[in-house]
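Working notes, structure below.
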Amino acid sequence: MIGVMLALLILPLAAGIVSFWVPARAAAGITVASGIACFGLVLTLIPHLAHGTVSYLSYLRADAVSGVFMLATGFLYAAVAVYAVGYLHGRTDVYVRRFYLGFNVFAWAMLAAPLMGSLALLWIAIEVTTVVSALLVAIEDTDGAAEASWKYVLIASAGLGLALLATIFAYYAGAQVLGVHSDLAIGPLLHAGPRLASTPVRLAFLLAVLGYGTKVGLFPVHTWLPDAHSEAPTPVSALLSGALLATSFYAILRFYQVAAAALGSGFPRDTLLAFGIASLLLASLYVFGQRDVKRFLAYSSVEHMGILAIGVSFGAPIALAGVMLHVMAHAAAKGNAFMGAGVFTIKYRTKQMAAMRGGLVLLPWSGPLFLLSIFALSAFPPSGIFRSEFQIVAGGLTSGNYAAAAALIVLVTVAFFGLATSATSMLLTPPPEQEKSGTGQAPEAGIHGDGAGGARAATLTVDAPAQAQVQAPGEPSAWMVIPVLAGVAVLLLLGVHPPSELTDLITRAAAQLRGAP
Amino acid sequence: MSSPGVYDGAANVIAALMLLLEFGMLRQALVRDQVRLYAAQSALISVLAIVIAADRNLPDLYALAALSGTLKVVVVPLLLRRLLRSPSGDETPGVAGSYTMSPASAVLAAIGLAAFGFFSFGSLGIHSPQAPATALAIAGAMVFVAFGLMIVRRDVASQAIGFFSLENAISLASLVVAAGLPLLLETAFLFDLLLAVVVFAMLIRAHRARSESLSTADLTKLRG
């Protein structure tokens with residue numbers, strides 16, 4: 001299994017480097033192959049991680065918790081790599097090669113983070129995700145992208161500064177028990193948990209929640225998130241939302257494990273509950289009134305990160321299992337939703353939802369699939385998110401957190417109305433009548449550039465043939481439909497009948513979050 | 001209460017000088033001077049690492065001091081100055097008007113933040129055999145002032161310098177409570193910083209090329 005772990009650490013990085021030096025078409029092929037291969041490698045790890053921990057020296061370590069997050073990232077890497085083939089059609093060779101370099105390195109850092117054996121290496125991996133993704137957000141070279149990337153890199157880096165401080169205090173706590181040359185390895189820290197001094201561990205956990213929480217998008221340090229998600233090329237938005245936020249949450253979970261071992265679970269659970277409820281409240285209200293489809297989905301991401309935090313705060317085994325399932329289901333659903341939104345922005349040449357009408361008619365595949373994704377995000381049965389949220393609420397009730405469970409139900413319902421209202425108006429409102437002659441304006445100005453959408457939609461004045469193309473039913477590219485179909489299949493699988501290996505993995509991960517070795 | 005020994009006194013003086021330089025960065029009107037102060041602050045970190053290495057017999061810290069000095073005193077400032085140079089070759093873009101409040105108010109606010117950071121970190125009761133607890137409290141003050149610098153200055157250069165000085169504050173805290181952290185990890189942290197510096201510098205350059213200024217006042221299009 002060490003070989004598989006090493007392959008996961010080499011393959012995406014090598015794919016990124018090679019992609020930069022070969023023609024665009026070859027770069028696309030290499031990236032798709034790397035994405036699918038990495039997902040396959042993660043799948044081979046799962047049966048082992050469901051029953052034990054794999055480690056190499058103190059540098060590499062994978063357990064069931066790592067496995068859950070690698071599975072989410074691995075799937076999304078593969079799916080979005082396929083999607084990007086269609087999305088980047090028509091872009092310049094230089095742009096495509098730069099994109100694939102950043103895209104693969106970004107995926108590499110996210111796959112590496114759960115494999116890191118120490119809190120210090122974990123911090124480094126997360127920091128690499130920040131610097132690489134900030135460049136990807138800026139890649140469109142528009143005013144909006146420049147603003148979003150600057151806010152992102154500044155706020156996220158400041159947050160990671162706090163996370164580094166958390167790491168240092170964790171070292172201080174560990175060094176008093178394990179010796180000054182301890183290297184922040186996760187295993188020994190967890191083992192030494194009950195003997196760790198409480199003040200530095202408490203401080204480390206708080207700083208970790210605030211620091212890594214910046215990258216997770218927890219309130220009040222979420223402010224970069226809607227900007228970056230809306231201005232990044234759509235494949236990057238999908239990875240940011242479905243994988244990066246979860247990977248950062250993984251870092252919080254590692255500190256949670258250490259804090260729970262040292263302090264008992266009361267303090268860390270209360271802290272996560274406060275951040276979770278505040279994030280869910282903010283997101284469920286902000287989902288209403290969003291005009292930009294990608295900002296709208298970004299706030300939904302804040303909502304789901306809040307749900308994860310609340311789920312962990314419940315502490316019950318079923319809630320923790322729900323959290324683990326939610327990580328995977330959210331990756332599939334949010335990846336799907338962003339990929340669908342990317343198709344819409346290309347089709348309608350705008351990101352403004354008010355201008356997107358008749359999606360079910362004009363996008364015969366992507367329209368219904370986008371609707372399914374929104375329903376999945378709203379926790380409709382039989383999606384995996386329905387199952388995971390049901391488990392989280394059940395965990396809240398069984399652990400006696402009635403008020404928090406009730407708040408969760410109410411706020412998720414509020415968010416559902418926001419999601420459903422906007423999505424159904426995009427999809428079910430009849431498309432506008434085609435203009436009969438002359439030139440027409442694009443439905444709505446307000447594009448800041450959006451990948452291929454940017455290339456195809458940058459011209460706000462649309463001539464008659466282009467207008468007709470907007471209003472003619474059809475998909476921009478089959479490459480942009482296939483991965484969404486795969487995502488729907490995954491959501492159904494997670495919701496209806498998760499494979500036994502996956503159930504074992506989730507059960508073990510939940511047990512590990514409760515202190516099992 | 002006993003007075004601190006020479007070692008503790010030296011460590012505290014170096015930490016206090018670092019905090020003073022942080023205030024200097026907050027007040028500077030020229031990017032060139034901010035970068036110089038940052039380099040001086042980074043040099044003090046290396047000096048402190050050498051002092052701790054010598055007094056506490058931690059030879060790894062000599063290597064760390066050399067590496068940190070090379071990167072943060074030489075490479076990063078050179079890189080920043082090179083990338084901040086305007087297309088016309090002007091090396092000293094001014095950022096005097098980038099305050100969100102008056103300079104006097106900004107300094108007063110920073111003093112308040114420093115006091116808050118100092119006393120909150122000082123009250124933690126965290127003691128280390130490597131360095132005095134007062135230095136940790138000063139590191140706490142520097143963290144808050146660095147955040148203040150990023151908030152009160154509305155230009156990309158000052159905000160970036162604020163982040164880099166935040167990293168210096170964390171390095172100071174690290175020397176106090178984590179001086180024994182393995183060299184390999186410390187080195188990885190430093191190269192990670194270098195990566196961040198490169199990305200910051202690229203984004204600053206792109207911003208400057210786009211808006212022909214360092215100001216972030218016009219970065220207000222994305223709201224809601």
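Naming works like this for the structure tokens: A, B, ... for the chains as they're shown, residue 1 at the start of each chain, ligands 1 onward in shown order.
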Could you give me, as a Markdown table, every chain A residue with an atom at most 6 Å from chain B, plus its closest atom pair and distance in Å to one decimal, counting only C-alpha atoms, rows ordered by chain then number?
| residue | atom | partner | partner_atom | distance |
| --- | --- | --- | --- | --- |
| A:Glu147 | CA | B:Leu219 | CA | 5.5 |
| A:Tyr172 | CA | B:Val177 | CA | 5.7 |
| A:Val180 | CA | B:Gly180 | CA | 5.2 |
| A:His181 | CA | B:Gly180 | CA | 5.8 |
DSSP alpha helix (DSSP H) residues within range 171-349 of chain A, as a short mmCIF file (atom, residue, chain, number, x, y, z; two decimals) with N, CA and C atoms, in the first residue's frame:
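Output contents, as saved in part_1.cif:
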data_model
loop_
_atom_site.label_atom_id
_atom_site.label_comp_id
_atom_site.auth_asym_id
_atom_site.auth_seq_id
_atom_site.Cartn_x
_atom_site.Cartn_y
_atom_site.Cartn_z
N TYR A 171 2.77 21.41 18.72
CA TYR A 171 4.12 20.88 18.92
C TYR A 171 4.54 21.07 20.38
N TYR A 172 4.27 22.28 20.90
CA TYR A 172 4.66 22.58 22.28
C TYR A 172 4.01 21.57 23.23
N ALA A 173 2.71 21.32 23.00
CA ALA A 173 2.00 20.37 23.87
C ALA A 173 2.60 18.98 23.73
N GLY A 174 2.88 18.59 22.49
CA GLY A 174 3.42 17.25 22.25
C GLY A 174 4.83 17.09 22.77
N ALA A 175 5.65 18.15 22.63
CA ALA A 175 7.05 18.06 23.02
C ALA A 175 7.21 17.81 24.52
N GLN A 176 6.25 18.32 25.30
CA GLN A 176 6.35 18.12 26.75
C GLN A 176 6.17 16.66 27.15
N VAL A 177 5.49 15.92 26.30
CA VAL A 177 5.25 14.50 26.58
C VAL A 177 6.18 13.61 25.75
N LEU A 178 6.35 13.95 24.48
CA LEU A 178 7.06 13.07 23.55
C LEU A 178 8.53 13.46 23.36
N ILE A 186 0.94 12.48 13.70
CA ILE A 186 -0.43 12.42 14.18
C ILE A 186 -0.62 11.23 15.13
N GLY A 187 -0.10 10.08 14.74
CA GLY A 187 -0.29 8.88 15.56
C GLY A 187 0.19 9.06 16.99
N PRO A 188 1.47 9.40 17.20
CA PRO A 188 1.96 9.60 18.57
C PRO A 188 1.20 10.69 19.34
N LEU A 189 0.82 11.73 18.64
CA LEU A 189 0.07 12.80 19.32
C LEU A 189 -1.27 12.28 19.86
N LEU A 190 -1.95 11.49 19.02
CA LEU A 190 -3.24 10.94 19.45
C LEU A 190 -3.03 9.98 20.62
N HIS A 191 -1.95 9.21 20.52
CA HIS A 191 -1.66 8.24 21.56
C HIS A 191 -1.35 8.93 22.89
N SER A 198 -3.43 20.98 28.84
CA SER A 198 -4.71 21.43 28.30
C SER A 198 -4.64 22.81 27.64
N THR A 199 -3.91 23.76 28.23
CA THR A 199 -3.93 25.13 27.69
C THR A 199 -3.41 25.21 26.26
N PRO A 200 -2.22 24.67 25.96
CA PRO A 200 -1.76 24.76 24.56
C PRO A 200 -2.65 23.98 23.59
N VAL A 201 -3.22 22.86 24.06
CA VAL A 201 -4.09 22.10 23.16
C VAL A 201 -5.37 22.88 22.88
N ARG A 202 -5.89 23.50 23.91
CA ARG A 202 -7.11 24.30 23.74
C ARG A 202 -6.85 25.46 22.75
N LEU A 203 -5.71 26.11 22.98
CA LEU A 203 -5.35 27.23 22.11
C LEU A 203 -5.12 26.75 20.68
N ALA A 204 -4.43 25.62 20.56
CA ALA A 204 -4.14 25.09 19.23
C ALA A 204 -5.45 24.76 18.50
N PHE A 205 -6.40 24.19 19.21
CA PHE A 205 -7.65 23.82 18.55
C PHE A 205 -8.42 25.07 18.10
N LEU A 206 -8.48 26.06 18.98
CA LEU A 206 -9.19 27.30 18.60
C LEU A 206 -8.55 27.96 17.38
N LEU A 207 -7.23 28.04 17.41
CA LEU A 207 -6.52 28.66 16.28
C LEU A 207 -6.69 27.83 15.02
N ALA A 208 -6.73 26.51 15.17
CA ALA A 208 -6.92 25.65 13.99
C ALA A 208 -8.31 25.85 13.39
N VAL A 209 -9.31 25.94 14.25
CA VAL A 209 -10.67 26.14 13.72
C VAL A 209 -10.76 27.48 13.00
N LEU A 210 -10.17 28.51 13.60
CA LEU A 210 -10.20 29.83 12.98
C LEU A 210 -9.33 29.86 11.72
N GLY A 211 -8.15 29.25 11.82
CA GLY A 211 -7.20 29.30 10.70
C GLY A 211 -7.63 28.43 9.53
N TYR A 212 -7.76 27.14 9.78
CA TYR A 212 -8.22 26.26 8.70
C TYR A 212 -9.67 26.57 8.34
N GLY A 213 -10.42 27.08 9.33
CA GLY A 213 -11.82 27.45 9.06
C GLY A 213 -11.92 28.53 8.00
N THR A 214 -10.88 29.34 7.88
CA THR A 214 -10.85 30.34 6.81
C THR A 214 -10.93 29.65 5.46
N LYS A 215 -10.20 28.56 5.33
CA LYS A 215 -10.23 27.83 4.06
C LYS A 215 -11.49 26.99 3.91
N VAL A 216 -12.05 26.56 5.03
CA VAL A 216 -13.29 25.78 4.97
C VAL A 216 -14.45 26.68 4.56
N TRP A 224 -13.79 35.35 1.50
CA TRP A 224 -13.13 35.17 0.21
C TRP A 224 -13.90 34.20 -0.69
N LEU A 225 -14.67 33.33 -0.06
CA LEU A 225 -15.18 32.14 -0.74
C LEU A 225 -16.14 32.44 -1.91
N PRO A 226 -17.18 33.26 -1.71
CA PRO A 226 -18.09 33.51 -2.84
C PRO A 226 -17.38 34.18 -4.01
N ASP A 227 -16.45 35.08 -3.71
CA ASP A 227 -15.72 35.77 -4.78
C ASP A 227 -14.87 34.79 -5.58
N ALA A 228 -14.09 33.99 -4.87
CA ALA A 228 -13.19 33.06 -5.56
C ALA A 228 -13.98 32.02 -6.35
N HIS A 229 -15.03 31.49 -5.75
CA HIS A 229 -15.80 30.47 -6.45
C HIS A 229 -16.48 31.04 -7.70
N SER A 230 -16.91 32.28 -7.62
CA SER A 230 -17.63 32.83 -8.76
C SER A 230 -16.69 33.26 -9.88
N GLU A 231 -15.47 33.66 -9.55
CA GLU A 231 -14.58 34.19 -10.58
C GLU A 231 -13.63 33.15 -11.15
N THR A 234 -14.85 27.39 -14.13
CA THR A 234 -15.78 26.45 -13.48
C THR A 234 -15.14 25.15 -13.00
N PRO A 235 -14.25 24.51 -13.77
CA PRO A 235 -13.64 23.29 -13.21
C PRO A 235 -12.91 23.55 -11.90
N VAL A 236 -12.30 24.72 -11.80
CA VAL A 236 -11.61 25.07 -10.55
C VAL A 236 -12.63 25.32 -9.44
N SER A 237 -13.73 25.99 -9.77
CA SER A 237 -14.78 26.22 -8.77
C SER A 237 -15.27 24.89 -8.21
N ALA A 238 -15.45 23.91 -9.11
CA ALA A 238 -15.93 22.60 -8.66
C ALA A 238 -14.94 21.96 -7.69
N LEU A 239 -13.66 22.05 -8.02
CA LEU A 239 -12.65 21.47 -7.12
C LEU A 239 -12.55 22.26 -5.81
N LEU A 245 -12.54 22.66 0.24
CA LEU A 245 -13.17 22.99 1.53
C LEU A 245 -13.13 21.76 2.45
N ALA A 246 -13.43 20.60 1.84
CA ALA A 246 -13.43 19.37 2.64
C ALA A 246 -12.02 19.04 3.13
N THR A 247 -11.02 19.23 2.27
CA THR A 247 -9.65 18.93 2.68
C THR A 247 -9.24 19.81 3.86
N SER A 248 -9.66 21.06 3.82
CA SER A 248 -9.35 21.96 4.94
C SER A 248 -10.11 21.52 6.19
N PHE A 249 -11.31 21.03 5.99
CA PHE A 249 -12.08 20.53 7.14
C PHE A 249 -11.38 19.29 7.73
N TYR A 250 -10.74 18.52 6.86
CA TYR A 250 -9.98 17.37 7.33
C TYR A 250 -8.91 17.81 8.34
N ALA A 251 -8.26 18.93 8.03
CA ALA A 251 -7.22 19.43 8.95
C ALA A 251 -7.84 19.78 10.31
N ILE A 252 -9.02 20.37 10.28
CA ILE A 252 -9.69 20.68 11.55
C ILE A 252 -10.00 19.39 12.31
N LEU A 253 -10.42 18.37 11.55
CA LEU A 253 -10.74 17.09 12.21
C LEU A 253 -9.53 16.49 12.92
N ARG A 254 -8.34 16.66 12.33
CA ARG A 254 -7.14 16.13 12.99
C ARG A 254 -6.89 16.85 14.31
N PHE A 255 -7.07 18.16 14.31
CA PHE A 255 -6.92 18.90 15.57
C PHE A 255 -8.04 18.54 16.54
N TYR A 256 -9.22 18.28 15.98
CA TYR A 256 -10.34 17.85 16.82
C TYR A 256 -10.00 16.55 17.54
N GLN A 257 -9.40 15.62 16.80
CA GLN A 257 -9.04 14.34 17.42
C GLN A 257 -8.05 14.54 18.57
N VAL A 258 -7.04 15.39 18.31
CA VAL A 258 -6.04 15.64 19.36
C VAL A 258 -6.70 16.33 20.56
N ALA A 259 -7.54 17.34 20.26
CA ALA A 259 -8.18 18.09 21.35
C ALA A 259 -9.12 17.19 22.15
N ALA A 260 -9.88 16.35 21.43
CA ALA A 260 -10.81 15.46 22.13
C ALA A 260 -10.06 14.47 23.01
N ALA A 261 -8.89 14.01 22.52
CA ALA A 261 -8.10 13.07 23.31
C ALA A 261 -7.52 13.75 24.55
N ALA A 262 -7.16 15.01 24.42
CA ALA A 262 -6.50 15.70 25.54
C ALA A 262 -7.49 16.34 26.51
N LEU A 263 -8.57 16.89 25.96
CA LEU A 263 -9.46 17.70 26.80
C LEU A 263 -10.81 17.05 27.05
N GLY A 266 -16.00 17.77 25.01
CA GLY A 266 -16.91 18.89 25.28
C GLY A 266 -16.49 20.19 24.63
N PHE A 267 -15.28 20.65 24.90
CA PHE A 267 -14.83 21.94 24.37
C PHE A 267 -14.77 21.94 22.84
N PRO A 268 -14.12 20.95 22.23
CA PRO A 268 -14.08 20.99 20.75
C PRO A 268 -15.46 20.89 20.12
N ARG A 269 -16.33 20.11 20.72
CA ARG A 269 -17.67 19.99 20.13
C ARG A 269 -18.43 21.30 20.23
N ASP A 270 -18.34 21.96 21.39
CA ASP A 270 -19.05 23.24 21.55
C ASP A 270 -18.53 24.29 20.56
N THR A 271 -17.20 24.29 20.38
CA THR A 271 -16.60 25.26 19.45
C THR A 271 -17.13 25.03 18.04
N LEU A 272 -17.12 23.77 17.60
CA LEU A 272 -17.57 23.48 16.25
C LEU A 272 -19.06 23.77 16.09
N LEU A 273 -19.83 23.53 17.15
CA LEU A 273 -21.27 23.81 17.07
C LEU A 273 -21.50 25.30 16.83
N ALA A 274 -20.77 26.14 17.56
CA ALA A 274 -20.96 27.59 17.40
C ALA A 274 -20.61 28.03 15.98
N PHE A 275 -19.46 27.58 15.48
CA PHE A 275 -19.06 27.97 14.12
C PHE A 275 -20.03 27.37 13.08
N GLY A 276 -20.47 26.15 13.33
CA GLY A 276 -21.36 25.48 12.38
C GLY A 276 -22.70 26.16 12.27
N ILE A 277 -23.30 26.47 13.41
CA ILE A 277 -24.61 27.11 13.38
C ILE A 277 -24.51 28.49 12.73
N ALA A 278 -23.47 29.25 13.09
CA ALA A 278 -23.32 30.60 12.52
C ALA A 278 -23.14 30.51 11.00
N SER A 279 -22.36 29.54 10.54
CA SER A 279 -22.13 29.40 9.10
C SER A 279 -23.41 29.00 8.38
N LEU A 280 -24.12 28.06 8.97
CA LEU A 280 -25.37 27.59 8.35
C LEU A 280 -26.39 28.72 8.29
N LEU A 281 -26.47 29.50 9.36
CA LEU A 281 -27.43 30.61 9.40
C LEU A 281 -27.10 31.62 8.31
N LEU A 282 -25.83 32.01 8.25
CA LEU A 282 -25.44 33.00 7.24
C LEU A 282 -25.74 32.48 5.83
N ALA A 283 -25.34 31.24 5.57
CA ALA A 283 -25.47 30.72 4.21
C ALA A 283 -26.92 30.55 3.81
N SER A 284 -27.74 30.06 4.74
CA SER A 284 -29.14 29.81 4.38
C SER A 284 -29.85 31.12 4.06
N LEU A 285 -29.41 32.23 4.66
CA LEU A 285 -30.02 33.52 4.36
C LEU A 285 -29.44 34.12 3.07
N TYR A 286 -28.13 33.94 2.87
CA TYR A 286 -27.49 34.55 1.71
C TYR A 286 -27.79 33.81 0.41
N VAL A 293 -24.96 32.73 -10.54
CA VAL A 293 -25.22 31.32 -10.25
C VAL A 293 -24.08 30.67 -9.46
N LYS A 294 -22.85 31.13 -9.69
CA LYS A 294 -21.74 30.50 -8.98
C LYS A 294 -21.60 31.03 -7.55
N ARG A 295 -21.97 32.29 -7.34
CA ARG A 295 -22.00 32.81 -5.95
C ARG A 295 -23.07 32.07 -5.16
N PHE A 296 -24.18 31.83 -5.84
CA PHE A 296 -25.31 31.12 -5.24
C PHE A 296 -24.84 29.73 -4.75
N LEU A 297 -24.10 29.03 -5.61
CA LEU A 297 -23.61 27.71 -5.22
C LEU A 297 -22.52 27.82 -4.15
N ALA A 298 -21.76 28.92 -4.18
CA ALA A 298 -20.71 29.11 -3.18
C ALA A 298 -21.33 29.22 -1.78
N TYR A 299 -22.42 29.95 -1.68
CA TYR A 299 -23.06 30.06 -0.36
C TYR A 299 -23.63 28.71 0.07
N SER A 300 -24.07 27.93 -0.90
CA SER A 300 -24.51 26.58 -0.55
C SER A 300 -23.35 25.77 0.04
N SER A 301 -22.13 26.04 -0.44
CA SER A 301 -20.96 25.34 0.12
C SER A 301 -20.74 25.74 1.57
N VAL A 302 -20.90 27.03 1.86
CA VAL A 302 -20.77 27.47 3.25
C VAL A 302 -21.80 26.74 4.12
N GLU A 303 -23.01 26.61 3.57
CA GLU A 303 -24.07 25.89 4.30
C GLU A 303 -23.63 24.46 4.62
N HIS A 304 -23.09 23.79 3.62
CA HIS A 304 -22.75 22.38 3.85
C HIS A 304 -21.53 22.21 4.77
N MET A 305 -20.62 23.17 4.72
CA MET A 305 -19.50 23.10 5.68
C MET A 305 -20.03 23.31 7.10
N GLY A 306 -21.02 24.18 7.23
CA GLY A 306 -21.65 24.36 8.53
C GLY A 306 -22.29 23.07 9.01
N ILE A 307 -22.93 22.35 8.09
CA ILE A 307 -23.56 21.07 8.46
C ILE A 307 -22.50 20.08 8.94
N LEU A 308 -21.36 20.06 8.26
CA LEU A 308 -20.28 19.16 8.70
C LEU A 308 -19.84 19.49 10.13
N ALA A 309 -19.65 20.78 10.38
CA ALA A 309 -19.20 21.19 11.71
C ALA A 309 -20.23 20.82 12.77
N ILE A 310 -21.50 21.03 12.46
CA ILE A 310 -22.55 20.69 13.41
C ILE A 310 -22.58 19.17 13.63
N GLY A 311 -22.44 18.43 12.54
CA GLY A 311 -22.46 16.97 12.65
C GLY A 311 -21.37 16.46 13.58
N VAL A 312 -20.16 17.01 13.44
CA VAL A 312 -19.07 16.58 14.32
C VAL A 312 -19.39 16.99 15.76
N SER A 313 -20.00 18.15 15.92
CA SER A 313 -20.29 18.63 17.28
C SER A 313 -21.28 17.71 18.00
N PHE A 314 -22.10 17.00 17.25
CA PHE A 314 -23.06 16.09 17.91
C PHE A 314 -22.33 14.91 18.56
N PRO A 317 -22.01 8.40 17.22
CA PRO A 317 -21.45 7.62 16.11
C PRO A 317 -22.21 7.78 14.81
N ILE A 318 -23.54 7.80 14.90
CA ILE A 318 -24.31 7.89 13.65
C ILE A 318 -24.13 9.27 13.00
N ALA A 319 -23.98 10.30 13.84
CA ALA A 319 -23.76 11.64 13.29
C ALA A 319 -22.39 11.73 12.62
N LEU A 320 -21.38 11.13 13.25
CA LEU A 320 -20.04 11.17 12.67
C LEU A 320 -19.99 10.36 11.38
N ALA A 321 -20.71 9.24 11.36
CA ALA A 321 -20.80 8.47 10.11
C ALA A 321 -21.50 9.32 9.04
N GLY A 322 -22.53 10.06 9.47
CA GLY A 322 -23.21 10.96 8.54
C GLY A 322 -22.27 12.03 8.00
N VAL A 323 -21.41 12.55 8.85
CA VAL A 323 -20.44 13.56 8.41
C VAL A 323 -19.51 12.98 7.35
N MET A 324 -19.02 11.80 7.59
CA MET A 324 -18.11 11.18 6.62
C MET A 324 -18.82 10.95 5.28
N LEU A 325 -20.07 10.46 5.36
CA LEU A 325 -20.84 10.26 4.13
C LEU A 325 -21.10 11.60 3.44
N HIS A 326 -21.35 12.62 4.26
CA HIS A 326 -21.67 13.94 3.71
C HIS A 326 -20.49 14.52 2.93
N VAL A 327 -19.28 14.26 3.40
CA VAL A 327 -18.10 14.75 2.70
C VAL A 327 -18.10 14.22 1.26
N MET A 328 -18.38 12.94 1.11
CA MET A 328 -18.35 12.34 -0.23
C MET A 328 -19.55 12.78 -1.06
N ALA A 329 -20.72 12.77 -0.43
CA ALA A 329 -21.93 13.13 -1.18
C ALA A 329 -21.88 14.60 -1.60
N HIS A 330 -21.37 15.45 -0.72
CA HIS A 330 -21.28 16.87 -1.07
C HIS A 330 -20.30 17.08 -2.22
N ALA A 331 -19.21 16.34 -2.21
CA ALA A 331 -18.23 16.47 -3.31
C ALA A 331 -18.91 16.14 -4.63
N ALA A 332 -19.69 15.05 -4.65
CA ALA A 332 -20.34 14.66 -5.90
C ALA A 332 -21.42 15.67 -6.29
N ALA A 333 -22.24 16.06 -5.32
CA ALA A 333 -23.37 16.95 -5.64
C ALA A 333 -22.89 18.35 -6.01
N LYS A 334 -21.92 18.88 -5.24
CA LYS A 334 -21.49 20.24 -5.53
C LYS A 334 -20.64 20.29 -6.80
N GLY A 335 -19.85 19.22 -7.01
CA GLY A 335 -19.11 19.15 -8.27
C GLY A 335 -20.10 19.16 -9.43
N ASN A 336 -21.15 18.36 -9.32
CA ASN A 336 -22.18 18.32 -10.37
C ASN A 336 -22.82 19.68 -10.58
N ALA A 337 -23.18 20.33 -9.46
CA ALA A 337 -23.88 21.61 -9.57
C ALA A 337 -22.99 22.65 -10.25
N PHE A 338 -21.72 22.69 -9.88
CA PHE A 338 -20.83 23.67 -10.52
C PHE A 338 -20.61 23.32 -11.99
N MET A 339 -20.47 22.02 -12.26
CA MET A 339 -20.26 21.65 -13.67
C MET A 339 -21.51 22.01 -14.48
N GLY A 340 -22.69 21.81 -13.89
CA GLY A 340 -23.93 22.22 -14.56
C GLY A 340 -23.98 23.72 -14.74
N ALA A 341 -23.59 24.45 -13.71
CA ALA A 341 -23.60 25.92 -13.79
C ALA A 341 -22.66 26.39 -14.90
N GLY A 342 -21.54 25.67 -15.07
CA GLY A 342 -20.60 26.03 -16.13
C GLY A 342 -21.24 25.87 -17.50
N VAL A 343 -22.03 24.80 -17.66
CA VAL A 343 -22.73 24.61 -18.93
C VAL A 343 -23.72 25.75 -19.16
N PHE A 344 -24.42 26.13 -18.11
CA PHE A 344 -25.39 27.23 -18.23
C PHE A 344 -24.70 28.53 -18.62
N THR A 345 -23.55 28.81 -17.99
CA THR A 345 -22.89 30.08 -18.31
C THR A 345 -22.39 30.11 -19.75
N ILE A 346 -22.02 28.95 -20.26
CA ILE A 346 -21.60 28.91 -21.66
C ILE A 346 -22.81 29.05 -22.58
N LYS A 347 -23.86 28.35 -22.23
CA LYS A 347 -25.05 28.38 -23.08
C LYS A 347 -25.68 29.78 -23.13
N TYR A 348 -25.80 30.39 -21.96
CA TYR A 348 -26.51 31.68 -21.90
C TYR A 348 -25.57 32.87 -21.96
#
My list of candidates is B:Ala54, B:Met101, B:Val74, B:Ala66. Which is closest to Ala40 in chain B when distances are computed with only C-alpha atoms? B:Val74
Compare B:Ile151, B:Ile14, B:Val145, B:Leu84 by their minimum atom-to-atom distance to Arg32 in chain B, counting only C-alpha atoms, and give me the closest one. B:Leu84
So that I can see what lies close to range 89-104 of chain A, please list as JSON, numbers by chain the residues with an atom at most 8 Å from it, counting only C-alpha atoms and leaving out residues fewer than 4 positions away in the same chain. {"A": [12, 13, 15, 16, 17, 18, 19, 20, 21, 22, 23, 24, 27, 28, 31, 85, 108, 132, 133, 135, 136, 139, 236, 452, 455]}
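Counting only C-alpha atoms, the residue from B:Asn168, B:Asp8, B:Val35, B:Leu194 that sits nearest to Val131 in chain A is B:Leu194.
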Could you pull out the strand (DSSP E or B) residues of range 14-221 of chain B from DSSP and send them as a PyMOL selection string? chain B and resi 30+94+99+153+155+215
